[in-house]
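Chemist: File run_1.pdb below, PDB, C-alpha atoms:
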ATOM      1  CA  LYS A   3      23.583  -9.986   7.888
ATOM      2  CA  LEU A   4      20.134 -10.430   6.389
ATOM      3  CA  LEU A   5      21.492 -11.452   2.994
ATOM      4  CA  ALA A   6      23.580 -14.127   4.722
ATOM      5  CA  LEU A   7      20.270 -15.801   5.697
ATOM      6  CA  SER A   8      19.167 -15.836   2.028
ATOM      7  CA  PRO A   9      15.460 -15.206   2.692
ATOM      8  CA  ASP A  10      12.954 -15.925  -0.091
ATOM      9  CA  ARG A  11      11.341 -12.526   0.327
ATOM     10  CA  VAL A  12      11.861  -9.358   2.334
ATOM     11  CA  ALA A  13       9.586  -6.479   3.342
ATOM     12  CA  LEU A  14      11.764  -3.398   3.856
ATOM     13  CA  TYR A  15       9.937  -0.814   5.940
ATOM     14  CA  GLY A  16      11.182   2.377   7.488
ATOM     15  CA  TYR A  17      10.485   3.116  11.142
ATOM     16  CA  ALA A  18       7.223   5.039  11.518
ATOM     17  CA  HIS A  19       7.530   7.752  14.155
ATOM     18  CA  VAL A  20       3.945   8.531  15.225
ATOM     19  CA  PRO A  21       4.091   9.546  18.910
ATOM     20  CA  TRP A  22       0.572  11.023  18.645
ATOM     21  CA  MET A  23      -0.656   7.455  18.062
ATOM     22  CA  SER A  24       1.927   5.430  19.981
ATOM     23  CA  LYS A  25       2.632   7.354  23.198
ATOM     24  CA  ARG A  26       5.738   5.343  24.128
ATOM     25  CA  GLN A  27       7.501   6.806  21.091
ATOM     26  CA  VAL A  28       7.753  10.177  22.837
ATOM     27  CA  MET A  29      10.785   8.640  24.560
ATOM     28  CA  ILE A  30      12.655   8.793  21.243
ATOM     29  CA  PRO A  31      14.009  12.291  20.489
ATOM     30  CA  GLU A  32      12.969  13.306  16.977
ATOM     31  CA  ASP A  33      16.272  15.068  16.308
ATOM     32  CA  ALA A  34      18.013  11.695  16.673
ATOM     33  CA  LEU A  35      16.073  10.252  13.741
ATOM     34  CA  PRO A  36      17.229  10.497  10.120
ATOM     35  CA  GLY A  37      15.425  13.018   7.952
ATOM     36  CA  ASN A  38      13.599  12.250   4.714
ATOM     37  CA  GLU A  39      16.710  12.510   2.533
ATOM     38  CA  ASP A  40      18.681  10.207   4.819
ATOM     39  CA  ARG A  41      15.779   7.744   4.956
ATOM     40  CA  LEU A  42      15.666   7.633   1.169
ATOM     41  CA  THR A  43      19.434   7.145   1.010
ATOM     42  CA  LEU A  44      19.203   4.241   3.477
ATOM     43  CA  PHE A  45      16.434   2.622   1.467
ATOM     44  CA  ASN A  46      18.289   3.049  -1.831
ATOM     45  CA  THR A  47      21.424   1.524  -0.323
ATOM     46  CA  ALA A  48      19.470  -1.506   0.891
ATOM     47  CA  ARG A  49      17.691  -1.803  -2.462
ATOM     48  CA  ASP A  50      20.985  -1.786  -4.344
ATOM     49  CA  LEU A  51      22.302  -4.566  -2.105
ATOM     50  CA  PHE A  52      19.203  -6.710  -2.630
ATOM     51  CA  VAL A  53      19.223  -6.215  -6.393
ATOM     52  CA  ALA A  54      22.956  -6.973  -6.568
ATOM     53  CA  ASP A  55      22.249 -10.228  -4.743
ATOM     54  CA  GLY A  56      19.699 -11.285  -7.343
ATOM     55  CA  TYR A  57      16.438 -10.174  -5.721
ATOM     56  CA  ALA A  58      13.576  -8.774  -7.788
ATOM     57  CA  GLU A  59      12.020  -5.487  -6.698
ATOM     58  CA  ILE A  60       8.387  -6.016  -5.754
ATOM     59  CA  GLY A  61       6.369  -2.813  -5.663
ATOM     60  CA  ILE A  62       7.627  -0.076  -3.402
ATOM     61  CA  ASP A  63       9.132  -1.961  -0.463
ATOM     62  CA  HIS A  64       9.371  -5.735  -1.041
ATOM     63  CA  PHE A  65      12.091  -7.891  -2.556
ATOM     64  CA  ALA A  66      11.906 -11.543  -3.593
ATOM     65  CA  ARG A  67      13.977 -14.290  -5.145
ATOM     66  CA  PRO A  68      13.111 -14.774  -8.854
ATOM     67  CA  GLY A  69      11.387 -18.100  -8.126
ATOM     68  CA  ASP A  70       9.366 -16.793  -5.185
ATOM     69  CA  GLY A  71       5.585 -16.508  -5.548
ATOM     70  CA  LEU A  72       5.685 -12.706  -5.347
ATOM     71  CA  ALA A  73       8.176 -12.411  -8.205
ATOM     72  CA  VAL A  74       6.208 -14.907 -10.308
ATOM     73  CA  ALA A  75       2.955 -13.045  -9.641
ATOM     74  CA  GLN A  76       4.535  -9.717 -10.530
ATOM     75  CA  LYS A  77       5.733 -10.995 -13.901
ATOM     76  CA  ALA A  78       2.290 -12.466 -14.617
ATOM     77  CA  GLY A  79       0.473  -9.263 -13.624
ATOM     78  CA  ARG A  80      -1.198 -11.009 -10.662
ATOM     79  CA  LEU A  81       0.475  -9.134  -7.827
ATOM     80  CA  ARG A  82      -1.946  -7.851  -5.179
ATOM     81  CA  ARG A  83      -1.630  -5.706  -2.059
ATOM     82  CA  ASN A  84      -3.552  -5.930   1.207
ATOM     83  CA  PHE A  85      -3.107  -4.788   4.819
ATOM     84  CA  GLN A  86      -0.117  -7.093   5.250
ATOM     85  CA  GLY A  87       1.707  -5.877   2.160
ATOM     86  CA  TYR A  88       2.206  -7.543  -1.209
ATOM     87  CA  THR A  89       0.752 -10.967  -1.864
ATOM     88  CA  ASP A  90       0.149 -13.467  -4.645
ATOM     89  CA  ASP A  91      -3.127 -14.500  -2.986
ATOM     90  CA  GLY A  92      -6.111 -13.393  -5.040
ATOM     91  CA  ALA A  93      -8.735 -14.221  -2.384
ATOM     92  CA  GLN A  94     -11.474 -11.611  -2.050
ATOM     93  CA  VAL A  95     -11.898 -12.200   1.700
ATOM     94  CA  LEU A  96      -9.315 -11.415   4.364
ATOM     95  CA  LEU A  97     -10.259 -12.285   7.946
ATOM     96  CA  GLY A  98      -8.639 -10.255  10.700
ATOM     97  CA  LEU A  99      -8.200 -12.040  14.031
ATOM     98  CA  GLY A 100      -7.501 -10.233  17.290
ATOM     99  CA  ALA A 101      -8.123  -6.812  18.747
ATOM    100  CA  SER A 102      -8.160  -3.889  16.261
ATOM    101  CA  SER A 103      -7.595  -6.169  13.236
ATOM    102  CA  ILE A 104      -9.451  -5.373  10.020
ATOM    103  CA  SER A 105     -11.284  -7.824   7.789
ATOM    104  CA  ARG A 106     -11.966  -7.199   4.126
ATOM    105  CA  PHE A 107     -15.002  -8.583   2.348
ATOM    106  CA  PRO A 108     -16.318  -7.940  -1.179
ATOM    107  CA  GLN A 109     -18.910  -5.691   0.474
ATOM    108  CA  GLY A 110     -16.522  -3.644   2.625
ATOM    109  CA  TYR A 111     -14.295  -3.463   5.701
ATOM    110  CA  ALA A 112     -14.995  -4.487   9.302
ATOM    111  CA  GLN A 113     -12.666  -3.615  12.174
ATOM    112  CA  ASN A 114     -12.578  -5.486  15.465
ATOM    113  CA  ALA A 115     -12.790  -3.651  18.782
ATOM    114  CA  PRO A 116      -9.388  -1.979  19.338
ATOM    115  CA  ALA A 117      -9.288  -2.663  23.094
ATOM    116  CA  THR A 118      -8.287  -6.211  24.013
ATOM    117  CA  GLY A 119     -10.810  -6.316  26.856
ATOM    118  CA  ALA A 120     -13.750  -5.370  24.647
ATOM    119  CA  TYR A 121     -12.636  -7.788  21.939
ATOM    120  CA  THR A 122     -12.355 -10.646  24.443
ATOM    121  CA  THR A 123     -15.756  -9.881  25.950
ATOM    122  CA  HIS A 124     -17.425 -10.059  22.548
ATOM    123  CA  ILE A 125     -15.788 -13.402  21.785
ATOM    124  CA  ARG A 126     -16.689 -14.928  25.165
ATOM    125  CA  GLU A 127     -20.285 -13.859  24.708
ATOM    126  CA  GLY A 128     -20.443 -15.434  21.274
ATOM    127  CA  ARG A 129     -20.794 -12.123  19.455
ATOM    128  CA  LEU A 130     -18.876 -10.795  16.472
ATOM    129  CA  PRO A 131     -16.164  -8.443  17.778
ATOM    130  CA  HIS A 132     -16.590  -5.815  15.059
ATOM    131  CA  ALA A 133     -16.597  -2.249  16.353
ATOM    132  CA  ARG A 134     -16.982  -0.384  13.084
ATOM    133  CA  GLY A 135     -17.008  -0.903   9.349
ATOM    134  CA  HIS A 136     -17.331   0.652   5.926
ATOM    135  CA  ALA A 137     -19.535  -0.527   3.059
ATOM    136  CA  PHE A 138     -17.953  -0.079  -0.360
ATOM    137  CA  THR A 139     -19.526   2.251  -2.887
ATOM    138  CA  PRO A 140     -18.936   1.717  -6.631
ATOM    139  CA  GLU A 141     -16.429   4.576  -6.516
ATOM    140  CA  ASP A 142     -14.591   2.919  -3.624
ATOM    141  CA  LEU A 143     -14.096  -0.192  -5.749
ATOM    142  CA  TRP A 144     -12.566   1.489  -8.781
ATOM    143  CA  ARG A 145     -10.466   3.872  -6.739
ATOM    144  CA  GLY A 146      -9.239   0.963  -4.624
ATOM    145  CA  ARG A 147      -8.207  -0.931  -7.737
ATOM    146  CA  MET A 148      -6.419   2.129  -9.124
ATOM    147  CA  ILE A 149      -4.478   2.502  -5.895
ATOM    148  CA  GLU A 150      -3.580  -1.188  -5.906
ATOM    149  CA  GLN A 151      -2.341  -0.954  -9.498
ATOM    150  CA  VAL A 152      -0.182   2.055  -8.656
ATOM    151  CA  MET A 153       1.312   0.304  -5.632
ATOM    152  CA  CYS A 154       1.860  -3.009  -7.437
ATOM    153  CA  ASP A 155       2.637  -2.063 -11.038
ATOM    154  CA  PHE A 156       3.292   1.712 -10.978
ATOM    155  CA  ARG A 157       0.489   2.267 -13.471
ATOM    156  CA  VAL A 158      -3.269   2.416 -13.932
ATOM    157  CA  ASP A 159      -4.629   0.355 -16.820
ATOM    158  CA  ALA A 160      -7.334   2.364 -18.586
ATOM    159  CA  ALA A 161      -8.633  -0.704 -20.431
ATOM    160  CA  GLU A 162      -9.174  -2.594 -17.174
ATOM    161  CA  MET A 163     -10.900   0.376 -15.579
ATOM    162  CA  ALA A 164     -13.283   0.621 -18.534
ATOM    163  CA  ARG A 165     -13.904  -3.128 -18.732
ATOM    164  CA  ASP A 166     -14.364  -3.906 -15.028
ATOM    165  CA  TYR A 167     -15.767  -0.630 -13.684
ATOM    166  CA  GLY A 168     -17.336   1.067 -16.687
ATOM    167  CA  LEU A 169     -15.214   4.207 -16.408
ATOM    168  CA  THR A 170     -15.317   6.511 -19.412
ATOM    169  CA  PRO A 171     -12.273   8.349 -20.813
ATOM    170  CA  ALA A 172     -13.682  11.542 -19.306
ATOM    171  CA  GLN A 173     -13.924   9.972 -15.832
ATOM    172  CA  LEU A 174     -10.397   8.646 -16.090
ATOM    173  CA  GLN A 175      -9.136  12.043 -17.195
ATOM    174  CA  GLN A 176     -10.849  13.655 -14.209
ATOM    175  CA  ALA A 177      -9.152  11.198 -11.839
ATOM    176  CA  PHE A 178      -5.726  11.576 -13.462
ATOM    177  CA  ASP A 179      -5.580  15.355 -13.989
ATOM    178  CA  PRO A 180      -4.717  16.222 -10.350
ATOM    179  CA  VAL A 181      -1.951  13.602 -10.363
ATOM    180  CA  VAL A 182      -0.411  15.002 -13.541
ATOM    181  CA  ALA A 183      -0.707  18.558 -12.216
ATOM    182  CA  GLN A 184       1.061  17.578  -8.986
ATOM    183  CA  PHE A 185       3.813  15.303 -10.293
ATOM    184  CA  GLY A 186       4.492  16.577 -13.820
ATOM    185  CA  ASN A 187       7.077  14.553 -15.722
ATOM    186  CA  MET A 188       7.232  11.972 -12.923
ATOM    187  CA  VAL A 189       4.096  10.468 -14.473
ATOM    188  CA  GLN A 190       2.960   9.804 -18.043
ATOM    189  CA  LEU A 191      -0.588   9.945 -19.356
ATOM    190  CA  GLY A 192      -1.931   8.311 -22.511
ATOM    191  CA  PRO A 193      -4.841   6.313 -23.932
ATOM    192  CA  TRP A 194      -3.414   3.301 -22.112
ATOM    193  CA  GLY A 195      -3.833   5.051 -18.758
ATOM    194  CA  LEU A 196      -1.405   6.481 -16.196
ATOM    195  CA  ARG A 197       2.202   5.414 -15.629
ATOM    196  CA  ILE A 198       4.787   6.428 -13.074
ATOM    197  CA  THR A 199       8.240   6.871 -14.581
ATOM    198  CA  PRO A 200      11.181   4.960 -13.084
ATOM    199  CA  GLU A 201      12.418   8.234 -11.600
ATOM    200  CA  GLY A 202       9.037   8.838 -10.000
ATOM    201  CA  ARG A 203       8.612   5.429  -8.392
ATOM    202  CA  PRO A 204       9.764   6.591  -4.939
ATOM    203  CA  LEU A 205       6.674   8.835  -5.043
ATOM    204  CA  ALA A 206       4.235   5.987  -5.760
ATOM    205  CA  ARG A 207       2.664   6.153  -2.314
ATOM    206  CA  MET A 208       1.985   9.871  -2.793
ATOM    207  CA  VAL A 209       0.469   9.252  -6.234
ATOM    208  CA  ALA A 210      -1.785   6.596  -4.704
ATOM    209  CA  ASN A 211      -2.743   9.045  -1.977
ATOM    210  CA  MET A 212      -4.010  11.515  -4.576
ATOM    211  CA  LEU A 213      -6.318   8.831  -5.986
ATOM    212  CA  ASP A 214      -7.779   8.199  -2.529
ATOM    213  CA  ALA A 215     -11.132   9.865  -1.885
ATOM    214  CA  TYR A 216     -10.605   9.432   1.873
ATOM    215  CA  THR A 217      -7.191  11.032   2.189
ATOM    216  CA  ALA A 218      -6.355  11.307   5.878
ATOM    217  CA  ALA A 219      -5.047  14.373   7.658
ATOM    218  CA  PRO A 220      -1.240  14.830   7.407
ATOM    219  CA  THR A 221      -0.829  14.004  11.109
ATOM    220  CA  SER A 222      -2.494  10.597  10.797
ATOM    221  CA  HIS A 223       0.549   8.808   9.431
ATOM    222  CA  SER A 224       4.315   9.003   9.287
ATOM    223  CA  SER A 225       6.115  10.540   6.326
ATOM    224  CA  ALA A 226       5.630   8.734   3.008
ATOM    225  CA  VAL A 227       9.330   9.048   2.118
TER     226      VAL A 227
END
Would you mind giving the structure from this file in structure tokens?

Modeler:
Amino acid sequence: KLLALSPDRVALYGYAHVPWMSKRQVMIPEDALPGNEDRLTLFNTARDLFVADGYAEIGIDHFARPGDGLAVAQKAGRLRRNFQGYTDDGAQVLLGLGASSISRFPQGYAQNAPATGAYTTHIREGRLPHARGHAFTPEDLWRGRMIEQVMCDFRVDAAEMARDYGLTPAQLQQAFDPVVAQFGNMVQLGPWGLRITPEGRPLARMVANMLDAYTAAPTSHSSAV
């Protein structure tokens, strides 16, 4: 049915069952939901249908017509990823509007008050509605770029890391060693950096997670597969 609409681009997400965060989801019995293997099968079936219909695969969960901006950006190595997913917008500032939304600035993140009432009160009083934030450290910046490269291009470019962030081969090796130890032949390591093999691409989110210095507790999110 979706293909009959011929959309320019599609974001294909699985349902995230997180009843500890969204209380209304307790109404859905967990044993009625597909397991990880079934979820992967469903995704692969949808992916095959999109590809057969001429869509390009964009990162881990987007698809786009060859002439769409996402597909063009991917071919040119300009694909980016933000809170909304993949984008061809290279802007360094993302403004979040509304309760709980998150803004990104070159200096760090700022999250609005999560409660609608508190957010509205701040706005009516002429105050910024930010409730909390995080200032980037130099390590945050290079790790964030590594994660973005993994999610967009299934690789980390060692030359870019050295040029833009001053990382030495030893620092890169230290960042990559745990990934190689965990994923074995699903990744490849060389002087050019780190690559995820085609067979390992379904694990890209997990690889990115290992590069994250702020890895959340397992119960904070739904399953990555």

Chemist: Quick one: everything within 10 Å of segment 163-173 of chain A, counting all atoms listed in the file, minus sequence neighbours fewer than 2 positions away in the same chain. Send it as a ChimeraX atom specification.

Modeler: /A:140-141,143-145,147-148,158-161,175-178,193,195

Chemist: Counting only C-alpha atoms, which of A:Gly110, A:Val152, A:Leu205, A:Gly100 gets nearest to Leu130 of chain A?

Modeler: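 Smallest distance to Leu130 of chain A is found for A:Gly100.
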
Chemist: What's the separation between atom CA of Gly37 of chain A and atom CA of Gly87 of chain A, in Å to one decimal place?

Modeler: 24.1 Å

Chemist: Within 12 Å of segment 7-21 of chain A, which residues of segment 76-136 of chain A show up? Give each one with its shortest atom-to-atom distance in Å (one decimal) and the two atoms involved, counting all atoms listed in the file, rows by chain then rising residue number, as JSON lines.

Modeler:
{"residue": "A:Gln86", "atom": "CA", "partner": "A:Ala13", "partner_atom": "CA", "distance": 9.9}
{"residue": "A:Gly87", "atom": "CA", "partner": "A:Ala13", "partner_atom": "CA", "distance": 8.0}
{"residue": "A:Tyr88", "atom": "CA", "partner": "A:Ala13", "partner_atom": "CA", "distance": 8.7}
{"residue": "A:Thr89", "atom": "CA", "partner": "A:Arg11", "partner_atom": "CA", "distance": 10.9}

Chemist: For Asp91 of chain A, which residue among A:Arg197, A:Gln109, A:Leu72, A:Val209 is the nearest when counting all atoms listed in the file?

Modeler: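 That would be A:Leu72, the residue with the smallest distance to Asp91 of chain A.
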
Chemist: What separation in Å, quoted to one decimal, exists between atom CA of Thr123 of chain A and atom CA of Gly98 of chain A?

Modeler: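 Here the two named atoms are 16.8 Å from each other.
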